[in-house]
$ cat structure23.tsv   # TSV, C-alpha atoms and all ligand atoms
chain	number	residue	atom	x	y	z
A	1	MET	CA	132.22	-285.33	-137.35
A	2	ASN	CA	132.89	-285.57	-133.62
A	3	ASP	CA	133.28	-281.95	-132.57
A	4	CYS	CA	130.74	-280.34	-134.90
A	5	VAL	CA	127.89	-278.60	-133.10
A	6	PHE	CA	125.44	-279.05	-135.99
A	7	CYS	CA	126.24	-282.78	-136.31
A	8	LYS	CA	125.50	-283.05	-132.60
A	9	ILE	CA	122.24	-281.12	-133.01
A	10	SER	CA	121.07	-283.37	-135.86
A	11	GLN	CA	122.00	-286.43	-133.78
A	12	LYS	CA	120.06	-284.87	-130.86
A	13	LYS	CA	123.15	-284.93	-128.65
A	14	ILE	CA	122.66	-281.18	-128.22
A	15	PRO	CA	119.09	-279.98	-127.74
A	16	SER	CA	117.43	-277.70	-130.27
A	17	LYS	CA	113.95	-276.55	-131.24
A	18	VAL	CA	113.35	-279.07	-133.99
A	19	VAL	CA	111.34	-277.83	-136.96
A	20	TYR	CA	111.72	-280.71	-139.41
A	21	GLU	CA	113.64	-283.96	-139.83
A	22	ASP	CA	114.03	-286.66	-142.44
A	23	ASP	CA	116.75	-289.10	-143.50
A	24	LEU	CA	118.81	-286.45	-145.26
A	25	SER	CA	118.10	-283.22	-143.47
A	26	PHE	CA	117.35	-281.51	-140.18
A	27	ALA	CA	115.87	-278.08	-139.46
A	28	PHE	CA	115.86	-276.20	-136.17
A	29	GLU	CA	115.41	-272.71	-134.79
A	30	ASP	CA	118.47	-270.45	-134.73
A	31	ILE	CA	119.55	-269.81	-131.14
A	32	ASN	CA	120.15	-266.12	-131.92
A	33	PRO	CA	117.34	-265.17	-134.32
A	34	GLN	CA	117.91	-262.22	-136.64
A	35	ALA	CA	114.30	-262.04	-137.85
A	36	PRO	CA	110.87	-263.18	-136.61
A	37	VAL	CA	111.47	-266.38	-138.60
A	38	HIS	CA	115.03	-267.67	-138.46
A	39	THR	CA	115.32	-271.38	-139.03
A	40	LEU	CA	118.41	-273.32	-140.06
A	41	VAL	CA	118.24	-276.19	-142.54
A	42	ILE	CA	121.21	-278.56	-142.57
A	43	PRO	CA	122.16	-281.84	-144.19
A	44	LYS	CA	122.74	-284.69	-141.75
A	45	LYS	CA	125.94	-285.34	-143.68
A	46	HIS	CA	128.85	-283.27	-142.39
A	47	ILE	CA	129.96	-280.88	-145.15
A	48	PRO	CA	131.99	-277.90	-143.86
A	49	THR	CA	131.31	-275.31	-146.58
A	50	VAL	CA	129.70	-275.04	-150.01
A	51	LEU	CA	133.24	-275.38	-151.41
A	52	ASP	CA	133.27	-278.95	-150.12
A	53	LEU	CA	130.17	-280.05	-152.06
A	54	LYS	CA	130.93	-282.99	-154.33
A	55	GLU	CA	129.68	-282.63	-157.87
A	56	GLY	CA	127.20	-285.37	-158.65
A	57	GLU	CA	127.28	-286.89	-155.15
A	58	ASP	CA	125.72	-283.91	-153.33
A	59	ASP	CA	123.49	-282.47	-156.08
A	60	HIS	CA	120.35	-284.17	-154.84
A	61	LEU	CA	121.11	-283.18	-151.25
A	62	ILE	CA	121.36	-279.48	-152.09
A	63	GLY	CA	118.08	-279.57	-154.00
A	64	HIS	CA	116.54	-281.29	-151.02
A	65	LEU	CA	117.66	-278.56	-148.61
A	66	PHE	CA	116.03	-275.91	-150.80
A	67	LYS	CA	112.85	-277.97	-150.92
A	68	ILE	CA	112.73	-278.12	-147.11
A	69	ALA	CA	113.45	-274.38	-146.88
A	70	ASN	CA	110.48	-273.74	-149.17
A	71	LYS	CA	108.27	-275.96	-147.07
A	72	ILE	CA	109.27	-274.11	-143.89
A	73	ALA	CA	108.69	-270.70	-145.53
A	74	LYS	CA	105.18	-271.76	-146.58
A	75	GLU	CA	104.35	-273.21	-143.17
A	76	ARG	CA	105.53	-270.02	-141.43
A	77	GLY	CA	103.47	-267.81	-143.72
A	78	ILE	CA	106.43	-265.91	-145.18
A	79	ALA	CA	106.50	-267.47	-148.65
A	80	GLU	CA	104.31	-264.89	-150.39
A	81	ARG	CA	105.57	-261.91	-148.38
A	82	GLY	CA	109.14	-262.83	-149.14
A	83	PHE	CA	112.01	-264.42	-147.35
A	84	ARG	CA	115.74	-264.82	-147.67
A	85	LEU	CA	117.88	-267.94	-147.89
A	86	VAL	CA	121.48	-267.37	-146.85
A	87	THR	CA	124.51	-269.62	-146.85
A	88	ASN	CA	127.73	-268.09	-145.60
A	89	CYS	CA	131.05	-269.48	-146.76
A	90	ASN	CA	134.35	-268.87	-144.99
A	91	PRO	CA	135.43	-266.03	-142.69
A	92	GLU	CA	134.64	-262.87	-144.66
A	93	SER	CA	131.06	-264.00	-145.16
A	94	GLY	CA	130.62	-264.40	-141.41
A	95	GLN	CA	130.44	-268.20	-141.36
A	96	THR	CA	130.86	-269.34	-137.77
A	97	VAL	CA	129.68	-272.95	-137.91
A	98	TYR	CA	131.54	-275.10	-140.43
A	99	HIS	CA	128.69	-277.46	-141.30
A	100	ILE	CA	126.73	-276.07	-144.23
A	101	HIS	CA	123.35	-274.59	-143.46
A	102	LEU	CA	120.64	-272.56	-145.08
A	103	HIS	CA	119.37	-269.67	-142.99
A	104	VAL	CA	115.64	-269.23	-143.65
A	105	LEU	CA	114.96	-265.61	-142.69
A	106	GLY	CA	111.67	-263.77	-142.88
A	107	GLY	CA	108.87	-261.92	-141.17
A	108	ARG	CA	110.43	-258.50	-141.61
A	109	HIS	CA	111.65	-256.35	-144.46
A	110	MET	CA	115.14	-257.43	-145.52
A	111	ARG	CA	117.70	-254.82	-146.40
A	112	TRP	CA	120.00	-254.90	-149.40
A	113	PRO	CA	122.96	-254.95	-149.63
A	114	PRO	CA	123.43	-257.17	-146.60
A	115	GLY	CA	125.85	-255.97	-143.94
A	201	LIG	P1	126.82	-268.83	-139.72
A	201	LIG	O1	127.37	-267.63	-138.98
A	201	LIG	O2	126.28	-268.56	-141.08
A	201	LIG	O3	127.81	-269.96	-139.70
A	201	LIG	O4	125.54	-269.30	-138.90
A	201	LIG	C1	125.62	-270.05	-137.74
A	201	LIG	C2	124.31	-269.86	-137.02
A	201	LIG	O5	124.17	-270.91	-136.10
A	201	LIG	C3	124.19	-268.55	-136.25
A	201	LIG	O6	123.08	-267.81	-136.72
A	201	LIG	C4	124.04	-269.01	-134.80
A	201	LIG	O7	123.15	-268.20	-134.08
A	201	LIG	C5	123.52	-270.42	-134.98
A	201	LIG	N1	123.81	-271.33	-133.89
A	201	LIG	C6	125.02	-271.58	-133.33
A	201	LIG	N2	124.91	-272.51	-132.38
A	201	LIG	C7	123.60	-272.87	-132.34
A	201	LIG	C8	122.86	-273.79	-131.56
A	201	LIG	N3	123.44	-274.55	-130.61
A	201	LIG	N4	121.54	-273.90	-131.78
A	201	LIG	C9	120.94	-273.14	-132.73
A	201	LIG	N5	121.59	-272.27	-133.51
A	201	LIG	C10	122.91	-272.12	-133.31
A	202	ZN	ZN	128.85	-281.37	-138.85
$ encode --input "structure23.tsv" --output "C-alpha cells"
Amino acid sequence: MNDCVFCKISQKKIPSKVVYEDDLSFAFEDINPQAPVHTLVIPKKHIPTVLDLKEGEDDHLIGHLFKIANKIAKERGIAERGFRLVTNCNPESGQTVYHIHLHVLGGRHMRWPPG
C-alpha cells in the first residue's frame, strides 16, 4: 500500500534498525521503545488489522510472525525471563499504524492489566 509507513519500512524506502528479514516478514526496532527490548514484527503483506486476516490464506503467515517473535525473544535473552507479544486493533486499543504488527516487549517487569 502506497502511503503505509510499515510497507515503506519493509521495502526499505524508510530507514529502520533492521532485526530480521525473510520473504514473508520483517522485524525492526520500535522508534519509541517502551521497554529495553521493543521490536516490531510485521508481515511484508499489507494487512491493516487482525480483523482483515483472511481465514486459510493468512494462517501460515500469522504462525510465521509468532515464530519470528520467538526467535527474537531468544536472541535478546528475554525468552526465559518472560516477554510480552502485543497486537493492537483499532482505536480503543491504541493502534496507530494500520499495518498489523507484533510488539515484542521485554527486559523489564510487565504490569497487568495493561494501561
Ligand atoms: P501501534 O500503536 O500498536 O499501532 O504501534 C505502532 C508502533 O510503531 C509504535 O510503538 C511506534 O513507536 C512505532 N513506529 C511508528 N513509526 C515508526 C517508525 N518509522 N519506525 C519504527 N517504529 C515506528
Ligand atoms: Zn502496509
$ atom_distance --input "structure23.tsv" --atom1 "atom CA of A:Gly107" --atom2 "atom CA of A:Ile78"
6.2 Å
$ residues_around --input "structure23.tsv" --residues "A:Pro114" --least-positions-apart "6" --cutoff "12 Å" --atoms "only C-alpha atoms" --output "list in words"
Arg84, Val86, Asn88, Ser93 and Gly94 of chain A
$ write_last_selection --input "structure23.tsv" --atoms "C-alpha atoms" --output "compact mmCIF listing (two decimals), in the frame of the given file"
# COMPACT_ATOMS: atom_id res chain seq x y z
CA ARG A 84 115.74 -264.82 -147.67
CA VAL A 86 121.48 -267.37 -146.85
CA ASN A 88 127.73 -268.09 -145.60
CA SER A 93 131.06 -264.00 -145.16
CA GLY A 94 130.62 -264.40 -141.41
$ residues_near_ligand --input "structure23.tsv" --ligand "ligand LIG 201 (chain A)" --cutoff "7 Å" --atoms "all atoms listed in the file" --output "count of residues only"
15
$ residues_near_ligand --input "structure23.tsv" --ligand "ligand ZN 202 (chain A)" --cutoff "12 Å" --atoms "all atoms listed in the file" --output "list in words"
Met1, Asn2, Asp3, Cys4, Val5, Phe6, Cys7, Lys8, Ile9, Ser10, Gln11, Ser25, Phe26, Ile42, Pro43, Lys44, Lys45, His46, Ile47, Pro48, Thr49, Val97, Tyr98, His99, Ile100 and His101 of chain A
$ closest_residue --input "structure23.tsv" --among "A:Leu51, A:Met110, A:Leu24, A:Leu85" --to "A:Ile72" --atoms "all atoms listed in the file"
A:Leu85
$ closest_residue --input "structure23.tsv" --among "A:Val19, A:Pro91, A:Ile14, A:Val41" --to "A:Gly63" --atoms "only C-alpha atoms"
A:Val41
$ residues_around --input "structure23.tsv" --residues "A:Leu105" --least-positions-apart "2" --cutoff "7 Å" --atoms "only C-alpha atoms" --output "list of chain:residue names"
A:Ala35, A:Val37, A:His38, A:Thr39, A:Phe83, A:Arg84, A:Leu85, A:His103
$ write_last_selection --input "structure23.tsv" --atoms "C-alpha atoms" --output "short mmCIF file (atom, residue, chain, number, x, y, z; two decimals), keeping the file's coordinate frame"
data_model
loop_
_atom_site.label_atom_id
_atom_site.label_comp_id
_atom_site.auth_asym_id
_atom_site.auth_seq_id
_atom_site.Cartn_x
_atom_site.Cartn_y
_atom_site.Cartn_z
CA ALA A 35 114.30 -262.04 -137.85
CA VAL A 37 111.47 -266.38 -138.60
CA HIS A 38 115.03 -267.67 -138.46
CA THR A 39 115.32 -271.38 -139.03
CA PHE A 83 112.01 -264.42 -147.35
CA ARG A 84 115.74 -264.82 -147.67
CA LEU A 85 117.88 -267.94 -147.89
CA HIS A 103 119.37 -269.67 -142.99
#
$ atom_distance --input "structure23.tsv" --atom1 "atom CA of A:Tyr20" --atom2 "atom CA of A:Asn90"
26.1 Å
$ atom_distance --input "structure23.tsv" --atom1 "atom CA of A:Val18" --atom2 "atom CA of A:His60"
22.6 Å
$ closest_residue --input "structure23.tsv" --among "A:Glu80, A:Arg108, A:Cys89, A:Asp22" --to "A:Val50" --atoms "all atoms listed in the file"
A:Cys89
$ closest_residue --input "structure23.tsv" --among "A:Pro36, A:Lys54, A:Arg81, A:Leu102" --to "A:Phe66" --atoms "all atoms listed in the file"
A:Leu102
$ decode --input "structure23.tsv" --residues "stretch 45-57 of chain A" --atoms "N, CA and C atoms" --output "tab-separated table (two decimals), in the first residue's frame"
chain	number	residue	atom	x	y	z
A	45	LYS	N	3.26	-8.41	3.60
A	45	LYS	CA	1.94	-8.16	3.01
A	45	LYS	C	1.21	-7.09	3.83
A	46	HIS	N	0.59	-6.16	3.15
A	46	HIS	CA	-0.16	-5.11	3.85
A	46	HIS	C	-1.51	-5.64	4.32
A	47	ILE	N	-1.65	-5.75	5.64
A	47	ILE	CA	-2.92	-6.16	6.26
A	47	ILE	C	-3.18	-5.12	7.36
A	48	PRO	N	-4.26	-4.34	7.27
A	48	PRO	CA	-4.43	-3.23	8.22
A	48	PRO	C	-4.59	-3.64	9.68
A	49	THR	N	-5.49	-4.59	9.95
A	49	THR	CA	-5.71	-5.01	11.35
A	49	THR	C	-5.93	-6.52	11.39
A	50	VAL	N	-5.95	-7.07	12.59
A	50	VAL	CA	-6.21	-8.52	12.71
A	50	VAL	C	-7.59	-8.88	12.16
A	51	LEU	N	-8.50	-7.90	12.12
A	51	LEU	CA	-9.84	-8.16	11.59
A	51	LEU	C	-9.81	-8.42	10.08
A	52	ASP	N	-8.72	-8.02	9.45
A	52	ASP	CA	-8.61	-8.18	8.00
A	52	ASP	C	-7.89	-9.46	7.59
A	53	LEU	N	-7.51	-10.28	8.57
A	53	LEU	CA	-6.86	-11.55	8.24
A	53	LEU	C	-7.83	-12.46	7.51
A	54	LYS	N	-7.35	-13.11	6.47
A	54	LYS	CA	-8.20	-13.99	5.68
A	54	LYS	C	-8.01	-15.43	6.15
A	55	GLU	N	-9.13	-16.03	6.54
A	55	GLU	CA	-9.07	-17.40	7.03
A	55	GLU	C	-8.51	-18.31	5.94
A	56	GLY	N	-7.61	-19.18	6.33
A	56	GLY	CA	-6.96	-20.04	5.35
A	56	GLY	C	-5.77	-19.34	4.73
A	57	GLU	N	-6.01	-18.27	3.99
A	57	GLU	CA	-4.95	-17.57	3.26
A	57	GLU	C	-3.83	-17.05	4.16
